[in-house]
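S.K.: Sharing work_18.pdb, PDB, C-alpha atoms and all ligand atoms:
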```pdb
ATOM      1  CA  MET A  18       2.736 -10.817  23.917  1.00  0.00           C
ATOM      2  CA  GLN A  19       3.697 -10.578  20.289  1.00  0.00           C
ATOM      3  CA  SER A  20       4.025  -7.010  19.055  1.00  0.00           C
ATOM      4  CA  LEU A  21       2.271  -6.284  15.795  1.00  0.00           C
ATOM      5  CA  LYS A  22       4.348  -3.559  14.185  1.00  0.00           C
ATOM      6  CA  TYR A  23       2.163  -3.243  11.107  1.00  0.00           C
ATOM      7  CA  LEU A  24      -0.971  -2.891  13.187  1.00  0.00           C
ATOM      8  CA  ALA A  25       0.261  -0.616  15.966  1.00  0.00           C
ATOM      9  CA  GLY A  26      -2.263   2.084  15.081  1.00  0.00           C
ATOM     10  CA  TYR A  27      -5.297  -0.170  15.481  1.00  0.00           C
ATOM     11  CA  PRO A  28      -7.328  -0.572  18.702  1.00  0.00           C
ATOM     12  CA  PRO A  29      -6.356  -3.284  21.216  1.00  0.00           C
ATOM     13  CA  HIS A  30      -9.386  -5.488  20.527  1.00  0.00           C
ATOM     14  CA  VAL A  31      -8.495  -5.605  16.832  1.00  0.00           C
ATOM     15  CA  GLN A  32      -4.887  -6.512  17.643  1.00  0.00           C
ATOM     16  CA  GLU A  33      -6.122  -9.187  20.025  1.00  0.00           C
ATOM     17  CA  ARG A  34      -8.223 -10.772  17.285  1.00  0.00           C
ATOM     18  CA  VAL A  35      -5.222 -10.755  14.944  1.00  0.00           C
ATOM     19  CA  ARG A  36      -3.033 -12.432  17.584  1.00  0.00           C
ATOM     20  CA  GLN A  37      -5.653 -15.107  17.917  1.00  0.00           C
ATOM     21  CA  MET A  38      -5.753 -15.708  14.171  1.00  0.00           C
ATOM     22  CA  LEU A  39      -1.946 -15.871  14.127  1.00  0.00           C
ATOM     23  CA  ALA A  40      -1.890 -18.347  17.024  1.00  0.00           C
ATOM     24  CA  GLU A  41      -4.384 -20.534  15.220  1.00  0.00           C
ATOM     25  CA  GLY A  42      -2.485 -20.238  11.927  1.00  0.00           C
ATOM     26  CA  ARG A  43      -5.563 -18.959  10.135  1.00  0.00           C
ATOM     27  CA  LEU A  44      -4.125 -16.006   8.210  1.00  0.00           C
ATOM     28  CA  GLY A  45      -2.642 -18.025   5.356  1.00  0.00           C
ATOM     29  CA  ALA A  46      -5.982 -19.681   4.619  1.00  0.00           C
ATOM     30  CA  LEU A  47      -7.729 -16.327   4.812  1.00  0.00           C
ATOM     31  CA  PHE A  48      -5.539 -14.805   2.106  1.00  0.00           C
ATOM     32  CA  ALA A  49      -5.647 -17.907  -0.084  1.00  0.00           C
ATOM     33  CA  ASP A  50      -9.420 -17.812   0.167  1.00  0.00           C
ATOM     34  CA  LYS A  51     -10.069 -14.155  -0.242  1.00  0.00           C
ATOM     35  CA  TYR A  52      -7.221 -13.126  -2.501  1.00  0.00           C
ATOM     36  CA  GLY A  53      -6.298 -16.210  -4.472  1.00  0.00           C
ATOM     37  CA  GLN A  54      -5.658 -14.260  -7.648  1.00  0.00           C
ATOM     38  CA  PRO A  55      -2.068 -13.145  -8.332  1.00  0.00           C
ATOM     39  CA  HIS A  56      -1.658 -10.210 -10.732  1.00  0.00           C
ATOM     40  CA  ALA A  57       0.181  -9.931 -14.029  1.00  0.00           C
ATOM     41  CA  VAL A  58       2.173  -6.775 -13.280  1.00  0.00           C
ATOM     42  CA  ARG A  59       5.530  -8.511 -13.309  1.00  0.00           C
ATOM     43  CA  ASN A  60       8.087  -5.916 -14.362  1.00  0.00           C
ATOM     44  CA  ASP A  61       8.741  -2.173 -14.288  1.00  0.00           C
ATOM     45  CA  GLY A  62       7.280  -1.584 -17.758  1.00  0.00           C
ATOM     46  CA  GLN A  63       4.032  -3.300 -16.817  1.00  0.00           C
ATOM     47  CA  LEU A  64       4.015  -1.433 -13.520  1.00  0.00           C
ATOM     48  CA  TYR A  65       4.361   1.903 -15.312  1.00  0.00           C
ATOM     49  CA  ALA A  66       1.424   1.077 -17.600  1.00  0.00           C
ATOM     50  CA  TYR A  67      -0.674  -0.022 -14.637  1.00  0.00           C
ATOM     51  CA  VAL A  68       0.036   3.140 -12.627  1.00  0.00           C
ATOM     52  CA  GLN A  69      -0.422   5.387 -15.644  1.00  0.00           C
ATOM     53  CA  ALA A  70      -3.851   3.855 -16.375  1.00  0.00           C
ATOM     54  CA  LEU A  71      -5.040   4.489 -12.823  1.00  0.00           C
ATOM     55  CA  LYS A  72      -3.662   8.012 -12.913  1.00  0.00           C
ATOM     56  CA  GLU A  73      -5.411   8.744 -16.218  1.00  0.00           C
ATOM     57  CA  ARG A  74      -8.691   7.588 -14.768  1.00  0.00           C
ATOM     58  CA  HIS A  75      -8.551   9.457 -11.461  1.00  0.00           C
ATOM     59  CA  MET A  76      -5.786  12.043 -11.361  1.00  0.00           C
ATOM     60  CA  ARG A  77      -5.222  13.256 -14.865  1.00  0.00           C
ATOM     61  CA  LYS A  78      -4.237  16.754 -13.733  1.00  0.00           C
ATOM     62  CA  ALA A  79      -1.584  15.743 -11.214  1.00  0.00           C
ATOM     63  CA  VAL A  80       2.105  16.101 -12.113  1.00  0.00           C
ATOM     64  CA  PRO A  81       3.229  13.682 -14.823  1.00  0.00           C
ATOM     65  CA  LEU A  82       4.761  10.394 -13.779  1.00  0.00           C
ATOM     66  CA  GLY A  83       8.480  10.010 -14.102  1.00  0.00           C
ATOM     67  CA  LYS A  84      10.054   6.644 -13.491  1.00  0.00           C
ATOM     68  CA  VAL A  85       7.847   3.921 -11.999  1.00  0.00           C
ATOM     69  CA  VAL A  86       9.738   0.930 -10.597  1.00  0.00           C
ATOM     70  CA  TYR A  87       9.626  -1.991  -8.221  1.00  0.00           C
ATOM     71  CA  ASP A  88      12.252  -1.399  -5.564  1.00  0.00           C
ATOM     72  CA  SER A  89      13.568  -4.333  -3.550  1.00  0.00           C
ATOM     73  CA  LYS A  90      15.286  -2.056  -1.033  1.00  0.00           C
ATOM     74  CA  LEU A  91      12.134  -0.234  -0.069  1.00  0.00           C
ATOM     75  CA  GLN A  92      10.743  -1.069   3.338  1.00  0.00           C
ATOM     76  CA  VAL A  93       6.997  -0.935   3.236  1.00  0.00           C
ATOM     77  CA  MET A  94       6.477   0.518   6.683  1.00  0.00           C
ATOM     78  CA  LYS A  95       9.207   3.104   6.505  1.00  0.00           C
ATOM     79  CA  HIS A  96       8.570   4.386   3.016  1.00  0.00           C
ATOM     80  CA  ALA A  97       5.081   3.443   1.955  1.00  0.00           C
ATOM     81  CA  LEU A  98       2.819   3.309   4.962  1.00  0.00           C
ATOM     82  CA  GLY A  99       4.856   5.267   7.460  1.00  0.00           C
ATOM     83  CA  THR A 100       3.667   8.652   8.544  1.00  0.00           C
ATOM     84  CA  HIS A 101       6.533  11.084   8.328  1.00  0.00           C
ATOM     85  CA  THR A 102       9.201   9.889   5.958  1.00  0.00           C
ATOM     86  CA  ALA A 103       6.950  10.541   2.984  1.00  0.00           C
ATOM     87  CA  ILE A 104       6.767  14.234   3.759  1.00  0.00           C
ATOM     88  CA  SER A 105      10.383  15.184   3.243  1.00  0.00           C
ATOM     89  CA  ARG A 106      10.486  13.083   0.110  1.00  0.00           C
ATOM     90  CA  VAL A 107       7.531  14.952  -1.329  1.00  0.00           C
ATOM     91  CA  GLN A 108       8.903  18.342  -0.377  1.00  0.00           C
ATOM     92  CA  GLY A 109      12.163  17.385  -2.002  1.00  0.00           C
ATOM     93  CA  SER A 110      10.471  16.691  -5.287  1.00  0.00           C
ATOM     94  CA  ARG A 111       8.213  19.730  -5.467  1.00  0.00           C
ATOM     95  CA  LEU A 112      10.666  21.377  -7.783  1.00  0.00           C
ATOM     96  CA  LYS A 113      10.552  18.508 -10.201  1.00  0.00           C
ATOM     97  CA  THR A 114       8.166  18.513 -13.121  1.00  0.00           C
ATOM     98  CA  SER A 115       7.586  14.790 -12.937  1.00  0.00           C
ATOM     99  CA  ARG A 116       7.499  12.346 -10.102  1.00  0.00           C
ATOM    100  CA  GLU A 117       9.257   9.085  -9.591  1.00  0.00           C
ATOM    101  CA  LEU A 118       7.160   6.378  -8.020  1.00  0.00           C
ATOM    102  CA  ARG A 119       8.711   3.428  -6.207  1.00  0.00           C
ATOM    103  CA  ILE A 120       6.734   0.386  -5.169  1.00  0.00           C
ATOM    104  CA  ALA A 121       8.244  -2.106  -2.719  1.00  0.00           C
ATOM    105  CA  SER A 122       8.897  -5.348  -4.570  1.00  0.00           C
ATOM    106  CA  VAL A 123       6.906  -7.335  -1.999  1.00  0.00           C
ATOM    107  CA  PHE A 124       3.883  -6.129  -3.982  1.00  0.00           C
ATOM    108  CA  ARG A 125       5.016  -7.945  -7.127  1.00  0.00           C
ATOM    109  CA  ASP A 126       3.998 -11.226  -5.534  1.00  0.00           C
ATOM    110  CA  ALA A 127       1.187  -9.864  -3.391  1.00  0.00           C
ATOM    111  CA  PRO A 128      -2.497 -10.258  -4.278  1.00  0.00           C
ATOM    112  CA  ALA A 129      -3.782  -7.870  -6.961  1.00  0.00           C
ATOM    113  CA  GLU A 130      -5.875  -5.899  -4.465  1.00  0.00           C
ATOM    114  CA  PHE A 131      -2.809  -4.925  -2.428  1.00  0.00           C
ATOM    115  CA  LEU A 132      -0.893  -3.715  -5.460  1.00  0.00           C
ATOM    116  CA  LYS A 133      -3.848  -1.528  -6.314  1.00  0.00           C
ATOM    117  CA  MET A 134      -4.025  -0.244  -2.742  1.00  0.00           C
ATOM    118  CA  ILE A 135      -0.373   0.792  -2.602  1.00  0.00           C
ATOM    119  CA  VAL A 136      -0.503   2.400  -6.041  1.00  0.00           C
ATOM    120  CA  VAL A 137      -3.582   4.365  -5.012  1.00  0.00           C
ATOM    121  CA  HIS A 138      -1.700   5.419  -1.865  1.00  0.00           C
ATOM    122  CA  GLU A 139       1.320   6.625  -3.823  1.00  0.00           C
ATOM    123  CA  LEU A 140      -0.792   8.361  -6.474  1.00  0.00           C
ATOM    124  CA  ALA A 141      -2.696  10.225  -3.765  1.00  0.00           C
ATOM    125  CA  HIS A 142       0.655  11.531  -2.515  1.00  0.00           C
ATOM    126  CA  LEU A 143       1.145  13.297  -5.846  1.00  0.00           C
ATOM    127  CA  LYS A 144      -1.469  15.722  -4.580  1.00  0.00           C
ATOM    128  CA  GLU A 145      -1.562  15.306  -0.812  1.00  0.00           C
ATOM    129  CA  PRO A 146       1.811  14.943   0.933  1.00  0.00           C
ATOM    130  CA  GLU A 147       0.441  14.205   4.419  1.00  0.00           C
ATOM    131  CA  HIS A 148      -1.663  11.336   5.685  1.00  0.00           C
ATOM    132  CA  ASP A 149      -4.550  13.629   6.481  1.00  0.00           C
ATOM    133  CA  LYS A 150      -8.261  13.758   5.717  1.00  0.00           C
ATOM    134  CA  ALA A 151      -7.806  15.108   2.199  1.00  0.00           C
ATOM    135  CA  PHE A 152      -5.303  12.357   1.484  1.00  0.00           C
ATOM    136  CA  TYR A 153      -7.625   9.545   2.591  1.00  0.00           C
ATOM    137  CA  GLN A 154     -10.546  11.098   0.718  1.00  0.00           C
ATOM    138  CA  LEU A 155      -8.512  10.894  -2.431  1.00  0.00           C
ATOM    139  CA  CYS A 156      -7.600   7.268  -1.652  1.00  0.00           C
ATOM    140  CA  THR A 157     -11.226   6.244  -1.126  1.00  0.00           C
ATOM    141  CA  HIS A 158     -12.197   8.108  -4.273  1.00  0.00           C
ATOM    142  CA  MET A 159      -9.846   5.857  -6.246  1.00  0.00           C
ATOM    143  CA  ALA A 160     -10.544   2.706  -4.209  1.00  0.00           C
ATOM    144  CA  PRO A 161     -13.800   2.847  -2.208  1.00  0.00           C
ATOM    145  CA  ASP A 162     -12.667  -0.039   0.036  1.00  0.00           C
ATOM    146  CA  TYR A 163      -9.275   1.596   0.657  1.00  0.00           C
ATOM    147  CA  HIS A 164      -9.379   1.429   4.466  1.00  0.00           C
ATOM    148  CA  GLN A 165     -10.318  -2.239   4.536  1.00  0.00           C
ATOM    149  CA  LEU A 166      -7.589  -2.978   1.989  1.00  0.00           C
ATOM    150  CA  GLU A 167      -4.958  -1.128   4.004  1.00  0.00           C
ATOM    151  CA  PHE A 168      -5.952  -3.070   7.104  1.00  0.00           C
ATOM    152  CA  GLU A 169      -5.765  -6.365   5.240  1.00  0.00           C
ATOM    153  CA  LEU A 170      -2.458  -5.413   3.664  1.00  0.00           C
ATOM    154  CA  ARG A 171      -1.105  -4.886   7.174  1.00  0.00           C
ATOM    155  CA  LEU A 172      -2.464  -8.308   8.116  1.00  0.00           C
ATOM    156  CA  TYR A 173      -0.769  -9.737   5.042  1.00  0.00           C
ATOM    157  CA  LEU A 174       2.601  -8.197   5.944  1.00  0.00           C
ATOM    158  CA  THR A 175       2.206  -9.499   9.489  1.00  0.00           C
ATOM    159  CA  HIS A 176       1.519 -12.918   8.035  1.00  0.00           C
ATOM    160  CA  LEU A 177       4.607 -12.783   5.778  1.00  0.00           C
ATOM    161  CA  ASP A 178       6.745 -11.899   8.799  1.00  0.00           C
ATOM    162  CA  THR A 179       5.700 -15.054  10.609  1.00  0.00           C
ATOM    163  CA  GLY A 180       7.022 -17.186   7.751  1.00  0.00           C
ATOM    164  CA  GLN A 181       3.906 -19.378   7.866  1.00  0.00           C
ATOM    165  CA  ARG A 182       2.046 -20.298   4.715  1.00  0.00           C
TER     166      ARG A 182
HETATM  167 ZN    ZN A 201       1.943   7.554   2.526  1.00  0.00          ZN
END
```
Mind converting the file's structure to structure tokens?
M.R.:
Amino acid sequence: MQSLKYLAGYPPHVQERVRQMLAEGRLGALFADKYGQPHAVRNDGQLYAYVQALKERHMRKAVPLGKVVYDSKLQVMKHALGTHTAISRVQGSRLKTSRELRIASVFRDAPAEFLKMIVVHELAHLKEPEHDKAFYQLCTHMAPDYHQLEFELRLYLTHLDTGQR
């Protein structure tokens, strides 16, 4: 049975449904259908403006943003959606007066909704270091469909891994 590393935290019946969709090659069509729109946030300057706008709207009082960049070395699971690596990073930067925000470059070519989801995730970490209830409340405050988006992002990453289109 194929292991679904991006979806390990989801119940078996959900994983089973995903395996079925993979076997039938249906994921590519799903994303083309649902998320056909690429976004225009192509470089680090545009990314900074995009993140800053979201922060202004929802988290004005959080620490100021430092650098905001696309990072091609960042692994999404380890650094963005993992559970524990984020903590030490946040503790390490508590002393700083501004925060650097790195977005894995896979999001440059991902559908607009997924870029928003990961930016919301990283912005929420400015206030909440752990993936706990307060953290996810902040995420759904910024993006009401956050949980669905995170699930579909994981589907998307699974799809990319298969190399199918
Ligand atoms: Zn996180």
S.K.: Find the residue from A:Tyr23, A:Pro28, A:His138, A:Glu73 that sits nearest to Leu170 (chain A); use all atoms listed in the file when measuring.
M.R.: A:Tyr23
S.K.: Work out how far apart CA of Gln63 (chain A) and CA of Met159 (chain A) are and give it in Å to one decimal.
M.R.: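 Computing it gives 19.7 Å between the two atoms.
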S.K.: How many Å separate CA of Arg59 (chain A) from CA of Asp126 (chain A)?
M.R.: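 CA of Asp126 (chain A) lies 8.4 Å from CA of Arg59 (chain A).
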S.K.: Using CA of Gly26 (chain A) and CA of Phe152 (chain A) as the two end points, give the distance in Å to one decimal.
M.R.: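 Taking CA of Gly26 (chain A) and CA of Phe152 (chain A), their separation equals 17.3 Å.
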S.K.: Restricting the calculation to all atoms listed in the file, which member of A:His176, A:His148, A:His158, A:Arg171 is positioned closest to ligand ZN 201 (chain A)?
M.R.: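 Distance minimum relative to ligand ZN 201 (chain A) lands on A:His148.
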S.K.: Between A:Asp149, A:Glu41, A:Asp178, A:Asp61, which one has atoms that come closest to Val86 (chain A), using only C-alpha atoms?
M.R.: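 Checking each candidate against Val86 (chain A), we get A:Asp61 as the closest.
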S.K.: Could you pull the residues within 12 Å of Val31 (chain A), counting all atoms listed in the file, minus those fewer than 6 positions along the same chain, as a PyMOL selection string?
M.R.: chain A and resi 21+24-25+37-38+168-169+172
S.K.: Would you kindly translate the PyMOL selection byres (((chain A and resi 156) around 12) and not hetatm) into the concrete residues it picks from this file, as a VMD selection string?
M.R.: chain A and resid 71 to 72 75 to 76 133 to 145 148 to 155 157 to 167
S.K.: For the selection just defined, write its residues with C-alpha atoms to a file, as a short mmCIF file (atom, residue, chain, number, x, y, z; two decimals), keeping the file's coordinate frame.
M.R.:
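For reference, part33.cif as written:
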```cif
data_model
loop_
_atom_site.label_atom_id
_atom_site.label_comp_id
_atom_site.auth_asym_id
_atom_site.auth_seq_id
_atom_site.Cartn_x
_atom_site.Cartn_y
_atom_site.Cartn_z
CA LEU A 71 -5.04 4.49 -12.82
CA LYS A 72 -3.66 8.01 -12.91
CA HIS A 75 -8.55 9.46 -11.46
CA MET A 76 -5.79 12.04 -11.36
CA LYS A 133 -3.85 -1.53 -6.31
CA MET A 134 -4.03 -0.24 -2.74
CA ILE A 135 -0.37 0.79 -2.60
CA VAL A 136 -0.50 2.40 -6.04
CA VAL A 137 -3.58 4.36 -5.01
CA HIS A 138 -1.70 5.42 -1.86
CA GLU A 139 1.32 6.62 -3.82
CA LEU A 140 -0.79 8.36 -6.47
CA ALA A 141 -2.70 10.22 -3.76
CA HIS A 142 0.66 11.53 -2.52
CA LEU A 143 1.14 13.30 -5.85
CA LYS A 144 -1.47 15.72 -4.58
CA GLU A 145 -1.56 15.31 -0.81
CA HIS A 148 -1.66 11.34 5.68
CA ASP A 149 -4.55 13.63 6.48
CA LYS A 150 -8.26 13.76 5.72
CA ALA A 151 -7.81 15.11 2.20
CA PHE A 152 -5.30 12.36 1.48
CA TYR A 153 -7.62 9.54 2.59
CA GLN A 154 -10.55 11.10 0.72
CA LEU A 155 -8.51 10.89 -2.43
CA THR A 157 -11.23 6.24 -1.13
CA HIS A 158 -12.20 8.11 -4.27
CA MET A 159 -9.85 5.86 -6.25
CA ALA A 160 -10.54 2.71 -4.21
CA PRO A 161 -13.80 2.85 -2.21
CA ASP A 162 -12.67 -0.04 0.04
CA TYR A 163 -9.28 1.60 0.66
CA HIS A 164 -9.38 1.43 4.47
CA GLN A 165 -10.32 -2.24 4.54
CA LEU A 166 -7.59 -2.98 1.99
CA GLU A 167 -4.96 -1.13 4.00
#
```
S.K.: I'd like to know which of A:Leu132, A:Ala127, A:Val93, A:Leu174 is closest to ligand ZN 201 (chain A), using only C-alpha atoms and all ligand atoms.
M.R.: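 Nearest candidate to ligand ZN 201 (chain A) out of A:Leu132, A:Ala127, A:Val93, A:Leu174: A:Val93.
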S.K.: Any chance you could work out the residue set of the PyMOL selection byres (((chain A and resi 55) around 10) and not hetatm) here, as a list in words?
M.R.: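 Applied to this file, the PyMOL selection byres (((chain A and resi 55) around 10) and not hetatm) returns Tyr52, Gly53, Gln54, His56, Ala57, Val58, Arg125, Asp126, Ala127, Pro128, Ala129, Glu130 and Leu132 of chain A.
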S.K.: Atoms to include: C-alpha atoms. Write the selected residues as an mmCIF file, in the coordinates of the input.
M.R.:
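Contents of result.cif, as written:
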```cif
data_model
loop_
_atom_site.group_PDB
_atom_site.id
_atom_site.type_symbol
_atom_site.label_atom_id
_atom_site.label_comp_id
_atom_site.auth_asym_id
_atom_site.auth_seq_id
_atom_site.Cartn_x
_atom_site.Cartn_y
_atom_site.Cartn_z
ATOM 1 C CA TYR A 52 -7.221 -13.126 -2.501
ATOM 2 C CA GLY A 53 -6.298 -16.210 -4.472
ATOM 3 C CA GLN A 54 -5.658 -14.260 -7.648
ATOM 4 C CA HIS A 56 -1.658 -10.210 -10.732
ATOM 5 C CA ALA A 57 0.181 -9.931 -14.029
ATOM 6 C CA VAL A 58 2.173 -6.775 -13.280
ATOM 7 C CA ARG A 125 5.016 -7.945 -7.127
ATOM 8 C CA ASP A 126 3.998 -11.226 -5.534
ATOM 9 C CA ALA A 127 1.187 -9.864 -3.391
ATOM 10 C CA PRO A 128 -2.497 -10.258 -4.278
ATOM 11 C CA ALA A 129 -3.782 -7.870 -6.961
ATOM 12 C CA GLU A 130 -5.875 -5.899 -4.465
ATOM 13 C CA LEU A 132 -0.893 -3.715 -5.460
#
```
S.K.: Please expand the PyMOL selection byres (((chain A and resi 39) around 12) and not hetatm) into the concrete residues it hits in this file, giving the result as a list in words.
M.R.: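 Selected by the PyMOL selection byres (((chain A and resi 39) around 12) and not hetatm) in this file: Met18, Gln19, Ser20, Leu21, Gln32, Glu33, Arg34, Val35, Arg36, Gln37, Met38, Ala40, Glu41, Gly42, Arg43, Leu44, Gly45, Ala46, Leu47, Leu172, Tyr173, Thr175, His176, Leu177, Asp178, Thr179, Gly180, Gln181 and Arg182 of chain A.
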S.K.: Write the residues you've just listed into a file as a compact mmCIF listing (two decimals), in the coordinates of the input, and include C-alpha atoms for each of them.
M.R.:
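Saved result, again.txt, follows:
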```txt
# COMPACT_ATOMS: atom_id res chain seq x y z
CA MET A 18 2.74 -10.82 23.92
CA GLN A 19 3.70 -10.58 20.29
CA SER A 20 4.03 -7.01 19.06
CA LEU A 21 2.27 -6.28 15.80
CA GLN A 32 -4.89 -6.51 17.64
CA GLU A 33 -6.12 -9.19 20.02
CA ARG A 34 -8.22 -10.77 17.28
CA VAL A 35 -5.22 -10.76 14.94
CA ARG A 36 -3.03 -12.43 17.58
CA GLN A 37 -5.65 -15.11 17.92
CA MET A 38 -5.75 -15.71 14.17
CA ALA A 40 -1.89 -18.35 17.02
CA GLU A 41 -4.38 -20.53 15.22
CA GLY A 42 -2.48 -20.24 11.93
CA ARG A 43 -5.56 -18.96 10.14
CA LEU A 44 -4.12 -16.01 8.21
CA GLY A 45 -2.64 -18.02 5.36
CA ALA A 46 -5.98 -19.68 4.62
CA LEU A 47 -7.73 -16.33 4.81
CA LEU A 172 -2.46 -8.31 8.12
CA TYR A 173 -0.77 -9.74 5.04
CA THR A 175 2.21 -9.50 9.49
CA HIS A 176 1.52 -12.92 8.04
CA LEU A 177 4.61 -12.78 5.78
CA ASP A 178 6.74 -11.90 8.80
CA THR A 179 5.70 -15.05 10.61
CA GLY A 180 7.02 -17.19 7.75
CA GLN A 181 3.91 -19.38 7.87
CA ARG A 182 2.05 -20.30 4.72
```
S.K.: Edge lengths and centre in Å to one decimal, as AutoDock Vina command-line options, of the axis-aligned box that encloses all listed atoms of region 60-75 of chain A with 6 Å added on every side?
M.R.:
```
--center_x 0.0 --center_y 1.8 --center_z -14.6 --size_x 29.4 --size_y 27.4 --size_z 18.3
```
S.K.: Between A:Arg116, A:Pro29, A:Lys22, A:Phe131, which is the closest to Leu82 (chain A) once you count all atoms listed in the file?
M.R.: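 Looking only at the distances to Leu82 (chain A), the closest residue turns out to be A:Arg116.
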S.K.: With all atoms listed in the file as the basis for distance, which of A:Arg119, A:Leu64, A:His30, A:Ser89 is at the shortest distance from ligand ZN 201 (chain A)?
M.R.: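 Smallest distance to ligand ZN 201 (chain A) is found for A:Arg119.
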S.K.: Would you mind completing region 149-165 of chain A to N, CA, C and O atoms and writing the output as a tab-separated table (two decimals), in the coordinates of the input?
M.R.:
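Saved to part.tsv:
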```tsv
chain	number	residue	atom	x	y	z
A	149	ASP	N	-3.48	12.91	5.79
A	149	ASP	CA	-4.55	13.63	6.48
A	149	ASP	C	-5.88	13.31	5.82
A	149	ASP	O	-5.98	12.42	4.97
A	150	LYS	N	-6.91	14.06	6.21
A	150	LYS	CA	-8.26	13.76	5.72
A	150	LYS	C	-8.34	13.87	4.19
A	150	LYS	O	-8.92	13.00	3.53
A	151	ALA	N	-7.75	14.91	3.65
A	151	ALA	CA	-7.81	15.11	2.20
A	151	ALA	C	-7.13	13.95	1.48
A	151	ALA	O	-7.59	13.49	0.43
A	152	PHE	N	-6.03	13.49	2.06
A	152	PHE	CA	-5.30	12.36	1.48
A	152	PHE	C	-6.19	11.11	1.42
A	152	PHE	O	-6.33	10.48	0.37
A	153	TYR	N	-6.82	10.77	2.57
A	153	TYR	CA	-7.62	9.54	2.59
A	153	TYR	C	-8.90	9.68	1.76
A	153	TYR	O	-9.41	8.70	1.24
A	154	GLN	N	-9.40	10.90	1.61
A	154	GLN	CA	-10.55	11.10	0.72
A	154	GLN	C	-10.18	10.77	-0.72
A	154	GLN	O	-10.95	10.17	-1.46
A	155	LEU	N	-8.99	11.18	-1.08
A	155	LEU	CA	-8.51	10.89	-2.43
A	155	LEU	C	-8.33	9.38	-2.62
A	155	LEU	O	-8.68	8.81	-3.65
A	156	CYS	N	-7.79	8.73	-1.60
A	156	CYS	CA	-7.60	7.27	-1.65
A	156	CYS	C	-8.94	6.56	-1.82
A	156	CYS	O	-9.07	5.66	-2.66
A	157	THR	N	-9.94	6.95	-1.04
A	157	THR	CA	-11.23	6.24	-1.13
A	157	THR	C	-11.98	6.63	-2.40
A	157	THR	O	-12.85	5.89	-2.85
A	158	HIS	N	-11.64	7.76	-2.97
A	158	HIS	CA	-12.20	8.11	-4.27
A	158	HIS	C	-11.69	7.12	-5.34
A	158	HIS	O	-12.44	6.66	-6.20
A	159	MET	N	-10.43	6.79	-5.27
A	159	MET	CA	-9.85	5.86	-6.25
A	159	MET	C	-10.17	4.40	-5.93
A	159	MET	O	-10.31	3.58	-6.82
A	160	ALA	N	-10.24	4.07	-4.64
A	160	ALA	CA	-10.54	2.71	-4.21
A	160	ALA	C	-11.50	2.80	-3.02
A	160	ALA	O	-11.07	3.02	-1.90
A	161	PRO	N	-12.80	2.65	-3.27
A	161	PRO	CA	-13.80	2.85	-2.21
A	161	PRO	C	-13.54	1.99	-0.95
A	161	PRO	O	-13.87	2.42	0.15
A	162	ASP	N	-12.94	0.81	-1.13
A	162	ASP	CA	-12.67	-0.04	0.04
A	162	ASP	C	-11.23	0.16	0.54
A	162	ASP	O	-10.65	-0.75	1.13
A	163	TYR	N	-10.68	1.35	0.33
A	163	TYR	CA	-9.28	1.60	0.66
A	163	TYR	C	-8.92	1.22	2.10
A	163	TYR	O	-7.92	0.56	2.36
A	164	HIS	N	-9.74	1.65	3.05
A	164	HIS	CA	-9.38	1.43	4.47
A	164	HIS	C	-9.33	-0.06	4.82
A	164	HIS	O	-8.44	-0.51	5.52
A	165	GLN	N	-10.31	-0.80	4.31
A	165	GLN	CA	-10.32	-2.24	4.54
A	165	GLN	C	-9.08	-2.88	3.89
A	165	GLN	O	-8.42	-3.74	4.48
```
